[in-house]
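Structure data (mmCIF, C-alpha atoms) from work-v9.cif:
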data_protein
loop_
_atom_site.label_atom_id
_atom_site.label_comp_id
_atom_site.auth_asym_id
_atom_site.auth_seq_id
_atom_site.Cartn_x
_atom_site.Cartn_y
_atom_site.Cartn_z
CA MET A 1 10.96 -264.13 -15.90
CA HIS A 2 8.89 -264.40 -19.08
CA ILE A 3 8.62 -260.61 -19.26
CA LYS A 4 12.38 -260.42 -19.48
CA LYS A 5 12.48 -263.16 -22.12
CA ASN A 6 9.90 -261.46 -24.36
CA VAL A 7 11.50 -258.03 -23.98
CA CYS A 8 14.92 -259.51 -24.77
CA GLU A 9 13.66 -261.25 -27.91
CA SER A 10 11.93 -258.10 -29.12
CA LEU A 11 14.98 -255.96 -28.43
CA ILE A 12 17.52 -258.27 -30.07
CA GLY A 13 15.15 -259.06 -32.94
CA THR A 14 14.70 -255.34 -33.66
CA LEU A 15 18.41 -254.53 -33.40
CA LEU A 16 19.47 -257.40 -35.68
CA ASN A 17 16.35 -257.16 -37.89
CA ILE A 18 15.58 -260.86 -37.45
CA PRO A 19 12.56 -261.90 -39.59
CA GLY A 20 9.60 -262.80 -37.40
CA LYS A 21 11.20 -261.25 -34.31
CA THR A 22 11.75 -257.63 -35.32
CA LYS A 23 9.23 -254.99 -34.34
CA ASP A 24 10.29 -252.78 -37.23
CA GLY A 25 8.85 -253.30 -40.71
CA GLU A 26 6.56 -251.86 -43.34
CA ASN A 27 3.49 -251.93 -41.09
CA ALA A 28 5.41 -250.28 -38.24
CA ARG A 29 6.53 -247.49 -40.58
CA LEU A 30 2.98 -247.04 -41.90
CA ASP A 31 1.75 -246.75 -38.32
CA MET A 32 4.19 -243.92 -37.67
CA VAL A 33 3.04 -242.13 -40.83
CA ALA A 34 -0.59 -242.50 -39.74
CA MET A 35 0.29 -241.11 -36.30
CA GLY A 36 2.17 -238.20 -37.88
CA ILE A 37 5.48 -238.91 -36.16
CA ARG A 38 9.02 -239.43 -37.48
CA GLU A 39 8.34 -238.40 -41.05
CA SER A 40 11.98 -239.14 -41.92
CA LEU A 41 11.37 -242.88 -41.41
CA LYS A 42 8.44 -243.27 -43.83
CA LEU A 43 8.70 -245.84 -46.60
CA VAL A 44 10.55 -244.86 -49.76
CA SER A 45 9.46 -246.37 -53.07
CA GLU A 46 12.11 -246.85 -55.73
CA GLU A 47 11.94 -248.09 -59.28
CA ARG A 48 10.22 -251.43 -60.06
CA LYS A 49 8.04 -250.96 -56.95
CA HIS A 50 10.92 -251.73 -54.58
CA ILE A 51 10.24 -250.39 -51.08
CA VAL A 52 13.13 -249.25 -48.90
CA LEU A 53 13.02 -248.69 -45.13
CA PRO A 54 15.19 -245.68 -44.18
CA ALA A 55 17.72 -246.42 -41.45
CA ALA A 56 16.56 -245.52 -37.94
CA CYS A 57 18.70 -244.74 -34.90
CA TYR A 58 18.41 -248.39 -33.77
CA THR A 59 19.28 -249.84 -37.19
CA LEU A 60 22.59 -251.70 -37.28
CA SER A 61 24.71 -251.92 -40.42
CA ARG A 62 26.10 -255.27 -41.50
CA SER A 63 29.51 -254.48 -39.99
CA GLU A 64 27.87 -253.49 -36.68
CA LYS A 65 25.79 -256.67 -36.67
CA LYS A 66 28.94 -258.67 -37.28
CA GLN A 67 30.68 -256.90 -34.40
CA PHE A 68 27.68 -257.51 -32.12
CA CYS A 69 27.46 -261.22 -32.97
CA SER A 70 31.22 -261.80 -32.82
CA THR A 71 31.29 -260.28 -29.31
CA LEU A 72 28.65 -262.72 -28.10
CA ALA A 73 30.27 -265.62 -29.96
CA GLY A 74 33.57 -264.95 -28.19
CA VAL A 75 32.12 -264.85 -24.68
CA LYS A 76 33.37 -267.51 -22.24
CA VAL A 77 31.62 -267.90 -18.89
CA PRO A 78 32.29 -270.25 -15.95
CA THR A 79 30.76 -273.71 -15.95
CA GLY A 80 27.14 -273.57 -14.82
CA TYR A 81 26.81 -269.81 -15.29
CA SER A 82 24.75 -270.12 -18.47
CA SER A 83 24.44 -272.19 -21.60
CA ASN A 84 27.03 -272.00 -24.37
CA ILE A 85 26.28 -268.57 -25.81
CA LYS A 86 28.42 -269.31 -28.86
CA SER A 87 25.99 -272.03 -29.96
CA LEU A 88 23.17 -269.46 -30.04
CA VAL A 89 24.92 -267.15 -32.52
CA GLN A 90 24.74 -267.67 -36.27
CA MET A 91 27.54 -265.69 -37.85
CA LYS A 92 26.38 -266.53 -41.36
CA ASP A 93 22.92 -264.99 -40.96
CA LEU A 94 24.02 -262.59 -38.16
CA LYS A 95 21.25 -263.52 -35.74
CA LEU A 96 20.59 -265.31 -32.45
CA ILE A 97 18.55 -268.52 -32.39
CA ASN A 98 16.98 -270.88 -29.85
CA LEU A 99 17.09 -268.44 -26.96
CA LYS A 100 15.80 -270.01 -23.74
CA SER A 101 14.50 -268.15 -20.69
CA HIS A 102 17.81 -268.28 -18.83
CA ASP A 103 19.74 -267.26 -21.96
CA CYS A 104 17.65 -264.08 -22.13
CA HIS A 105 18.20 -263.60 -18.39
CA THR A 106 21.99 -263.71 -18.88
CA LEU A 107 21.89 -261.48 -21.95
CA MET A 108 19.73 -258.77 -20.43
CA GLN A 109 21.64 -258.57 -17.17
CA GLN A 110 25.32 -258.97 -18.13
CA LEU A 111 26.11 -259.60 -21.80
CA LEU A 112 23.94 -257.17 -23.78
CA PRO A 113 25.49 -253.97 -22.30
CA VAL A 114 28.90 -255.29 -23.33
CA ALA A 115 27.83 -256.39 -26.82
CA ILE A 116 26.27 -253.06 -27.84
CA ARG A 117 29.27 -250.94 -26.89
CA GLY A 118 30.34 -248.95 -29.93
CA VAL A 119 27.57 -250.17 -32.28
CA LEU A 120 24.73 -247.75 -31.49
CA PRO A 121 24.31 -244.01 -30.98
CA THR A 122 25.18 -242.95 -27.45
CA GLU A 123 21.65 -241.99 -26.40
CA VAL A 124 20.13 -245.27 -27.67
CA ARG A 125 22.91 -247.34 -26.13
CA ASN A 126 22.57 -245.63 -22.74
CA THR A 127 18.81 -246.20 -22.72
CA ILE A 128 19.21 -249.94 -23.38
CA ILE A 129 21.91 -250.18 -20.69
CA GLN A 130 19.56 -248.45 -18.22
CA LEU A 131 16.93 -251.09 -18.97
CA CYS A 132 19.50 -253.86 -18.39
CA TYR A 133 20.56 -252.27 -15.09
CA PHE A 134 16.91 -252.18 -14.02
CA PHE A 135 16.53 -255.94 -14.58
CA ASN A 136 19.83 -256.50 -12.80
CA SER A 137 18.61 -254.50 -9.80
CA ILE A 138 15.25 -256.23 -9.38
CA CYS A 139 16.86 -259.67 -9.70
CA SER A 140 19.34 -259.06 -6.87
CA LYS A 141 19.17 -261.36 -3.88
CA ILE A 142 19.03 -258.38 -1.52
CA ILE A 143 16.72 -255.47 -2.38
CA ASP A 144 16.39 -252.33 -0.32
CA SER A 145 12.67 -251.66 -0.03
CA SER A 146 13.33 -247.94 0.36
CA LYS A 147 14.78 -247.84 -3.17
CA LEU A 148 11.82 -249.49 -4.91
CA GLN A 149 10.16 -246.15 -5.57
CA GLN A 150 13.39 -244.86 -7.10
CA LEU A 151 13.51 -247.92 -9.36
CA GLN A 152 9.89 -247.26 -10.31
CA ASP A 153 10.65 -243.67 -11.29
CA GLU A 154 13.79 -244.65 -13.21
CA VAL A 155 12.09 -247.37 -15.25
CA VAL A 156 9.31 -244.95 -16.23
CA VAL A 157 11.93 -242.54 -17.59
CA THR A 158 13.70 -245.42 -19.35
CA LEU A 159 10.51 -246.55 -21.10
CA CYS A 160 9.80 -242.97 -22.15
CA LEU A 161 13.26 -242.80 -23.71
CA LEU A 162 12.64 -246.11 -25.49
CA GLU A 163 9.44 -244.64 -26.95
CA LYS A 164 11.58 -241.79 -28.23
CA TYR A 165 13.81 -244.07 -30.31
CA PHE A 166 11.92 -247.31 -31.06
CA PRO A 167 8.75 -247.69 -33.16
CA PRO A 168 5.31 -247.89 -31.48
CA ALA A 169 5.00 -251.54 -32.52
CA PHE A 170 7.83 -252.36 -30.10
CA PHE A 171 5.66 -251.50 -27.09
CA ASP A 172 3.41 -254.50 -26.60
CA VAL A 173 1.88 -255.61 -23.31
CA MET A 174 5.14 -257.25 -22.14
CA VAL A 175 7.03 -253.97 -22.31
CA HIS A 176 4.18 -252.27 -20.44
CA LEU A 177 4.33 -254.85 -17.62
CA ILE A 178 7.87 -253.73 -16.78
CA ILE A 179 6.35 -250.73 -14.99
CA HIS A 180 4.57 -253.00 -12.51
CA LEU A 181 7.60 -255.09 -11.50
CA PRO A 182 8.79 -252.82 -8.61
CA ARG A 183 5.27 -252.81 -7.17
CA GLU A 184 5.12 -256.60 -7.49
CA ILE A 185 8.41 -256.89 -5.56
CA LYS A 186 6.98 -254.66 -2.84
CA PHE A 187 4.03 -257.00 -2.32
CA CYS A 188 5.56 -260.42 -3.12
CA GLY A 189 9.24 -260.14 -2.25
CA PRO A 190 12.41 -260.62 -4.34
CA VAL A 191 12.03 -261.99 -7.85
CA TRP A 192 14.55 -264.81 -7.44
CA LEU A 193 12.31 -266.47 -4.84
CA ARG A 194 9.49 -266.80 -7.40
CA TRP A 195 11.04 -267.43 -10.81
CA MET A 196 10.75 -270.78 -12.53
CA TYR A 197 14.21 -271.45 -13.94
CA SER A 198 14.76 -274.48 -11.68
CA MET A 199 11.31 -275.88 -12.58
CA GLU A 200 11.89 -275.50 -16.31
CA ARG A 201 15.34 -277.05 -15.97
CA TYR A 202 13.85 -280.04 -14.14
CA MET A 203 11.12 -280.37 -16.79
CA LYS A 204 13.88 -280.79 -19.35
CA ILE A 205 15.33 -283.62 -17.23
CA LEU A 206 11.93 -285.32 -17.06
CA LYS A 207 11.48 -285.01 -20.83
CA GLY A 208 14.83 -286.76 -21.26
CA TYR A 209 13.42 -289.78 -19.40
CA VAL A 210 10.86 -290.43 -22.15
CA ARG A 211 11.88 -293.34 -24.38
CA ASN A 212 8.44 -294.45 -25.54
CA ARG A 213 6.27 -291.57 -26.72
CA HIS A 214 3.13 -293.71 -26.37
CA ARG A 215 3.83 -294.16 -22.64
CA PRO A 216 5.57 -290.97 -21.46
CA LYS A 217 4.28 -291.17 -17.87
CA GLY A 218 5.48 -294.74 -17.42
CA CYS A 219 8.94 -293.85 -18.76
CA ILE A 220 9.24 -290.89 -16.39
CA ILE A 221 8.16 -292.96 -13.38
CA GLU A 222 10.55 -295.81 -14.19
CA CYS A 223 13.56 -293.54 -14.70
CA TYR A 224 12.69 -291.47 -11.63
CA ILE A 225 12.59 -294.58 -9.42
CA ALA A 226 15.92 -295.75 -10.85
CA GLU A 227 17.47 -292.35 -10.15
CA GLU A 228 16.13 -292.38 -6.58
CA ALA A 229 17.70 -295.82 -6.01
CA VAL A 230 21.07 -294.64 -7.34
CA GLU A 231 20.97 -291.52 -5.15
CA PHE A 232 20.14 -293.65 -2.09
CA CYS A 233 23.11 -295.92 -2.79
CA SER A 234 25.43 -292.93 -3.31
CA GLU A 235 24.33 -291.41 0.01
CA TYR A 236 24.76 -294.78 1.75
CA LEU A 237 28.32 -295.00 0.41
CA ALA A 238 29.09 -291.32 0.99
CA ASN A 239 31.50 -292.08 3.84
CA ALA A 240 33.35 -294.73 1.86
CA ARG A 241 36.97 -293.98 1.05
CA THR A 242 37.48 -293.32 -2.66
CA ILE A 243 40.51 -294.44 -4.63
CA GLY A 244 42.28 -292.05 -6.97
CA VAL A 245 39.92 -289.14 -6.31
CA PRO A 246 41.32 -286.01 -4.54
CA LYS A 247 39.69 -285.28 -1.22
CA GLY A 248 37.48 -282.26 -0.84
CA ILE A 249 38.56 -279.18 1.00
CA GLU A 250 36.28 -280.09 3.91
CA GLU A 251 37.98 -283.48 4.33
CA ARG A 252 41.55 -282.19 4.04
CA ILE A 253 41.27 -279.37 6.54
CA GLU A 254 40.86 -280.42 10.15
CA SER A 255 40.13 -278.33 13.24
CA ARG A 256 42.41 -275.35 13.71
CA SER A 257 42.29 -275.51 17.54
CA GLY A 258 45.61 -275.58 19.37
CA PHE A 259 48.76 -273.56 18.85
CA LYS A 260 48.26 -270.35 16.88
CA VAL A 261 50.84 -267.93 15.51
CA ILE A 262 49.81 -264.33 16.07
CA PRO A 263 51.40 -261.80 13.67
CA THR A 264 51.91 -259.26 16.46
CA ASP A 265 54.36 -261.66 18.13
CA TYR A 266 56.59 -261.58 15.10
CA LYS A 267 56.43 -257.79 14.78
CA THR A 268 57.47 -257.46 18.40
CA PHE A 269 60.31 -259.91 17.77
CA VAL A 270 61.54 -257.88 14.77
CA GLN A 271 61.46 -254.63 16.68
CA THR A 272 63.50 -256.09 19.56
CA LEU A 273 65.91 -257.76 17.15
CA TYR A 274 66.69 -254.52 15.29
CA PRO A 275 66.33 -251.71 17.87
CA MET A 276 68.22 -249.20 15.72
CA LYS A 277 66.14 -249.71 12.57
CA PRO A 278 63.21 -247.45 11.70
CA LYS A 279 59.92 -248.94 12.83
CA ASN A 280 57.62 -247.83 10.01
CA GLU A 281 55.19 -250.27 8.45
CA LYS A 282 57.00 -250.39 5.12
CA TRP A 283 60.22 -251.68 6.67
CA LEU A 284 58.33 -254.19 8.87
CA GLN A 285 56.51 -255.52 5.81
CA ALA A 286 59.77 -256.04 3.90
CA GLU A 287 61.43 -257.71 6.89
CA HIS A 288 58.39 -259.93 7.35
CA LYS A 289 58.63 -261.25 3.80
CA ARG A 290 62.33 -261.88 4.16
CA SER A 291 62.60 -263.69 7.50
CA PHE A 292 59.18 -264.91 8.63
CA SER A 293 59.57 -268.50 7.41
CA SER A 294 62.85 -269.06 9.29
CA TRP A 295 61.45 -267.42 12.45
CA PHE A 296 58.31 -269.54 12.21
CA LYS A 297 60.35 -272.73 11.97
CA ARG A 298 62.46 -271.85 15.01
CA LYS A 299 59.35 -270.82 16.95
CA ILE A 300 57.69 -274.20 16.37
CA GLU A 301 60.89 -276.13 17.19
CA THR A 302 61.12 -274.24 20.49
CA GLU A 303 57.48 -274.99 21.21
CA LEU A 304 57.91 -278.71 20.50
CA VAL A 305 60.63 -279.01 23.15
CA ARG A 306 58.06 -278.42 25.85
CA PRO A 307 56.57 -281.64 27.26
CA LYS A 308 52.93 -280.51 27.03
CA ASN A 309 52.80 -278.47 23.86
CA THR A 310 49.62 -277.74 21.90
CA VAL A 311 51.14 -277.65 18.43
CA SER A 312 48.80 -279.36 15.95
CA GLN A 313 49.94 -281.66 13.16
CA GLN A 314 49.13 -279.09 10.49
CA ILE A 315 51.32 -276.45 12.16
CA ARG A 316 54.22 -278.93 12.31
CA TRP A 317 53.90 -279.64 8.60
CA LEU A 318 53.82 -275.92 7.77
CA ALA A 319 56.92 -275.28 9.86
CA HIS A 320 58.96 -277.95 8.03
CA GLU A 321 57.98 -276.49 4.61
CA PRO A 322 56.60 -278.52 1.70
CA LYS A 323 58.47 -281.05 -0.36
CA ARG A 324 60.19 -279.98 -3.56
CA GLU A 325 58.24 -282.52 -5.61
CA VAL A 326 54.69 -281.37 -6.37
CA LEU A 327 51.73 -282.87 -8.22
CA SER A 328 50.52 -280.76 -11.14
CA TYR A 329 46.92 -280.70 -12.35
CA ARG A 330 45.08 -279.19 -15.28
CA GLY A 331 41.92 -278.96 -13.17
CA TYR A 332 40.94 -279.31 -9.54
CA GLY A 333 37.67 -279.32 -7.59
CA ILE A 334 37.46 -277.59 -4.20
CA GLY A 335 34.32 -276.97 -2.18
CA GLY A 336 31.98 -277.76 -5.07
CA TYR A 337 33.79 -275.46 -7.54
CA TYR A 338 36.07 -276.58 -10.36
CA TYR A 339 39.10 -274.63 -11.56
CA TYR A 340 41.19 -275.19 -14.68
CA THR A 341 44.41 -273.77 -16.02
CA SER A 342 44.36 -271.07 -18.68
CA ASP A 343 45.88 -273.50 -21.19
CA HIS A 344 42.98 -275.89 -20.62
CA ASP A 345 40.45 -273.06 -20.90
CA SER A 346 41.88 -271.97 -24.25
CA ARG A 347 40.58 -275.26 -25.73
CA SER A 348 37.28 -275.20 -23.86
CA THR A 349 33.96 -273.43 -24.39
CA THR A 350 33.90 -272.29 -20.75
CA GLN A 351 36.23 -270.17 -18.66
CA ASN A 352 37.18 -271.46 -15.19
CA SER A 353 40.72 -270.11 -14.81
CA GLY A 354 39.90 -266.67 -13.40
CA VAL A 355 40.30 -266.21 -9.66
CA MET A 356 39.76 -263.41 -7.18
CA ALA A 357 41.19 -263.12 -3.67
CA GLU A 358 40.70 -260.53 -0.95
CA ALA A 359 43.83 -259.89 1.09
CA GLU A 360 45.20 -257.33 3.48
CA SER A 361 48.02 -255.24 2.05
CA LEU A 362 50.05 -252.17 2.91
CA HIS A 363 48.80 -248.97 1.25
CA MET A 364 50.86 -245.83 0.81
CA SER A 365 50.51 -242.72 -1.32
CA THR A 366 54.21 -242.37 -2.27
CA ALA A 367 57.47 -244.20 -1.65
CA LYS A 368 58.31 -241.69 1.11
CA ASP A 369 54.94 -241.94 2.83
CA LYS A 370 55.43 -242.57 6.56
CA ASN A 371 51.73 -242.91 7.36
CA SER A 372 51.00 -246.10 5.45
CA ILE A 373 47.96 -248.13 6.46
CA TYR A 374 46.71 -251.71 6.09
CA ALA A 375 43.50 -252.28 4.16
CA ASN A 376 41.74 -255.08 2.34
CA MET A 377 42.16 -255.19 -1.42
CA LEU A 378 40.80 -257.39 -4.20
CA TYR A 379 43.33 -259.15 -6.43
CA TYR A 380 42.39 -260.70 -9.77
CA GLY A 381 44.42 -263.22 -11.72
CA VAL A 382 44.48 -266.22 -14.05
CA ILE A 383 45.52 -269.73 -13.05
CA GLU A 384 48.61 -270.75 -15.02
CA ASP A 385 49.27 -274.03 -13.20
CA ILE A 386 47.79 -275.98 -10.28
CA TRP A 387 50.18 -277.55 -7.76
CA GLU A 388 49.35 -279.74 -4.81
CA LEU A 389 51.87 -279.16 -2.04
CA ASN A 390 52.84 -282.09 0.15
CA TYR A 391 53.83 -281.20 3.73
CA THR A 392 53.93 -284.76 5.10
#
What is this file in C-alpha cells?
Amino acid sequence: MHIKKNVCESLIGTLLNIPGKTKDGENARLDMVAMGIRESLKLVSEERKHIVLPAACYTLSRSEKKQFCSTLAGVKVPTGYSSNIKSLVQMKDLKLINLKSHDCHTLMQQLLPVAIRGVLPTEVRNTIIQLCYFFNSICSKIIDSSKLQQLQDEVVVTLCLLEKYFPPAFFDVMVHLIIHLPREIKFCGPVWLRWMYSMERYMKILKGYVRNRHRPKGCIIECYIAEEAVEFCSEYLANARTIGVPKGIEERIESRSGFKVIPTDYKTFVQTLYPMKPKNEKWLQAEHKRSFSSWFKRKIETELVRPKNTVSQQIRWLAHEPKREVLSYRGYGIGGYYYYTSDHDSRSTTQNSGVMAEAESLHMSTAKDKNSIYANMLYYGVIEDIWELNYT
C-alpha cells in the first residue's frame, strides 16, 4: 500500500516537476554526467550563471501539464469510490497536493493511464501504463497463482524500461520493492486482505472525536461510547416502520413462489396462433414485443377463474399494468446503492447516474440471417429520470 503511494508521488512529482517531489534536478543531472550516461541531458550554463535543464523524454511542457491536470480535475467518480480528485488538483500551479494513500491507489490503478494519454512519448507512456496494470493485477480480489511468475517477469521488464527513460535518482528503495510484491503474494495471499486503508480511515474518525487536545484519550472514549449507544438504539429500532422513507429493495420484493410465467409457453402459443407465419427467431421476437402484455393479462385472468389458483399478489399487479400517475425522483437508494439523475449529477462532484445491465438479446449477422442466436449482452446507459411505478 505504502509502496504504491511512494511510487505514485515520485512518478507524478517527476512528470509535473513539483518542487520537493520531483526526482529530476541539478543533482540528478550531475549524477548522470558522473555515470557517463545521457550526455544530452547534462546541465547547460547560460549567461549570468543561469543553469538550464534540457528537456527529457518525461518532461511535460506547460500545455501538457495543463492538459494532464484538467483531465484529473474533470473526473467524476461514484460516491464512495474515492475522494474528490478535483480538490487535489491546483490548476494555478499545475500540481497535485495532499495525496492520501487511497488517492494514490485510485490514481495508479485507474486514473493515471487516462490522464497521460497524448501528453508523453509513446514508449514512455506505454511503460507507465504497464506499471499501472501491474498494480491493478496484484490488487485484484482473485489472483491466479499460476500467473504470478508471469507478473514477476513482466514487472522486471517494466522497471528496466523505466530505467531507460527516468533518471537514476528516481529508483529509490520503494521502486526496488516492487519486484518483491509477486513473491509476497505467493507467500501471504492477495494484497487486499492485508492493506490498511480501512484502519487509516477509522483512525481519521477517531481523530475527529478529539475536542480537548490535553485529553485526547478521554475524548475518544467518550465519543466512542456515545456512538455505540446510538448504534444499539438504531439496531433495536431497525424493524420499526419509517415514515416518508422509501422501503429498501429487500422489503419491497417478497417471495417469488407460486405461479410462474415461462417464456416457452408464449412462444408455443404464438406458433399455434399463426401457423402460416415463418417461425424464425427474429419474427418471434418482434411478435413477443407486440403482443406479450395482452397475452399475459388474459393468461392471468384465466388462471384466476380457477378456485385453487397459485397466482401471487405481485403477478396480479403486473398483469393489470401500472397506474398512469408515477412518482418522480432525482435520487433513489436500492440495496445500499444510491442513484441520481444526470441532471442532478451535472451539479454534483460525483457521478451516480451511470448504469449497466446484462440482458439476453437476439444476435444476428445481417437482416437476412436465419440462424440468429440468443446471447447475453452488456448495455450501458445514463439515468435521465427515476420513476416509481405503482401497481396497486
Query - Point-to-point distance from atom CA of Lys141 of chain A to atom CA of Val191 of chain A, Å rounded to tenths - result: 8.2 Å
Requested in this report: Please write the residues picked by the PyMOL selection byres ((chain A and resi 95) around 10) on this file as a PyMOL selection string.
Outcome: chain A and resi 12-13+15-19+65-66+68-69+88-94+96-97
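Here atom CA of Lys289 of chain A stands at a distance of 21.9 Å from atom CA of Asn390 of chain A.
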**Report entry** Residue with smallest distance to Leu30 of chain A - pool A:Ala359, A:Met108, A:Lys204, A:Ala169, counting all atoms listed in the file
**Finding:**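 For Leu30 of chain A, the nearest of the candidates is A:Ala169.
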Query raised in the report: Selected by the PyMOL selection byres ((chain A and resi 37-46) around 12) in the shown coordinates: which residues, as an NGL selection string?
Result: :A and (24-36 or 47-59 or 163-168)
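The coordinates place atom CA of Ile116 of chain A at 13.5 Å from atom CA of Val75 of chain A.
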**Report entry** Selected residue, from A:Ile386, A:Ala286, A:Ile185, A:Leu378, that lies nearest to Thr341 of chain A when counting only C-alpha atoms
**Finding:**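 Of A:Ile386, A:Ala286, A:Ile185, A:Leu378, the one nearest Thr341 of chain A, counting only C-alpha atoms, is A:Ile386.
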Report task. Take the PyMOL selection byres ((chain A and resi 391) around 9), apply it to the structure above, and return the hits as a list of chain:residue names. Result -> A:Gln314, A:Arg316, A:Trp317, A:Leu318, A:His320, A:Glu321, A:Pro322, A:Lys323, A:Leu389, A:Asn390, A:Thr392
Query raised in the report: Do you know which residues are at most 8 Å from Ile315 of chain A counting all atoms listed in the file, after dropping those on the same chain fewer than 3 positions away, and could you put them as a PyMOL selection string?
Result: chain A and resi 259+300+311-312+318-319
Query raised in the report: Quick one: residues within 10 Å of Gln67 of chain A, all atoms listed in the file counted, chain neighbours fewer than 3 positions away excluded, as a ChimeraX atom specification?
Result: /A:61-64,70-73,91,94,115-119
Selection to disk with C-alpha atoms, as a tab-separated table (two decimals), in the coordinates of the input:
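Printed below is again.tsv as written:
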chain	number	residue	atom	x	y	z
A	61	SER	CA	24.71	-251.92	-40.42
A	62	ARG	CA	26.10	-255.27	-41.50
A	63	SER	CA	29.51	-254.48	-39.99
A	64	GLU	CA	27.87	-253.49	-36.68
A	70	SER	CA	31.22	-261.80	-32.82
A	71	THR	CA	31.29	-260.28	-29.31
A	72	LEU	CA	28.65	-262.72	-28.10
A	73	ALA	CA	30.27	-265.62	-29.96
A	91	MET	CA	27.54	-265.69	-37.85
A	94	LEU	CA	24.02	-262.59	-38.16
A	115	ALA	CA	27.83	-256.39	-26.82
A	116	ILE	CA	26.27	-253.06	-27.84
A	117	ARG	CA	29.27	-250.94	-26.89
A	118	GLY	CA	30.34	-248.95	-29.93
A	119	VAL	CA	27.57	-250.17	-32.28
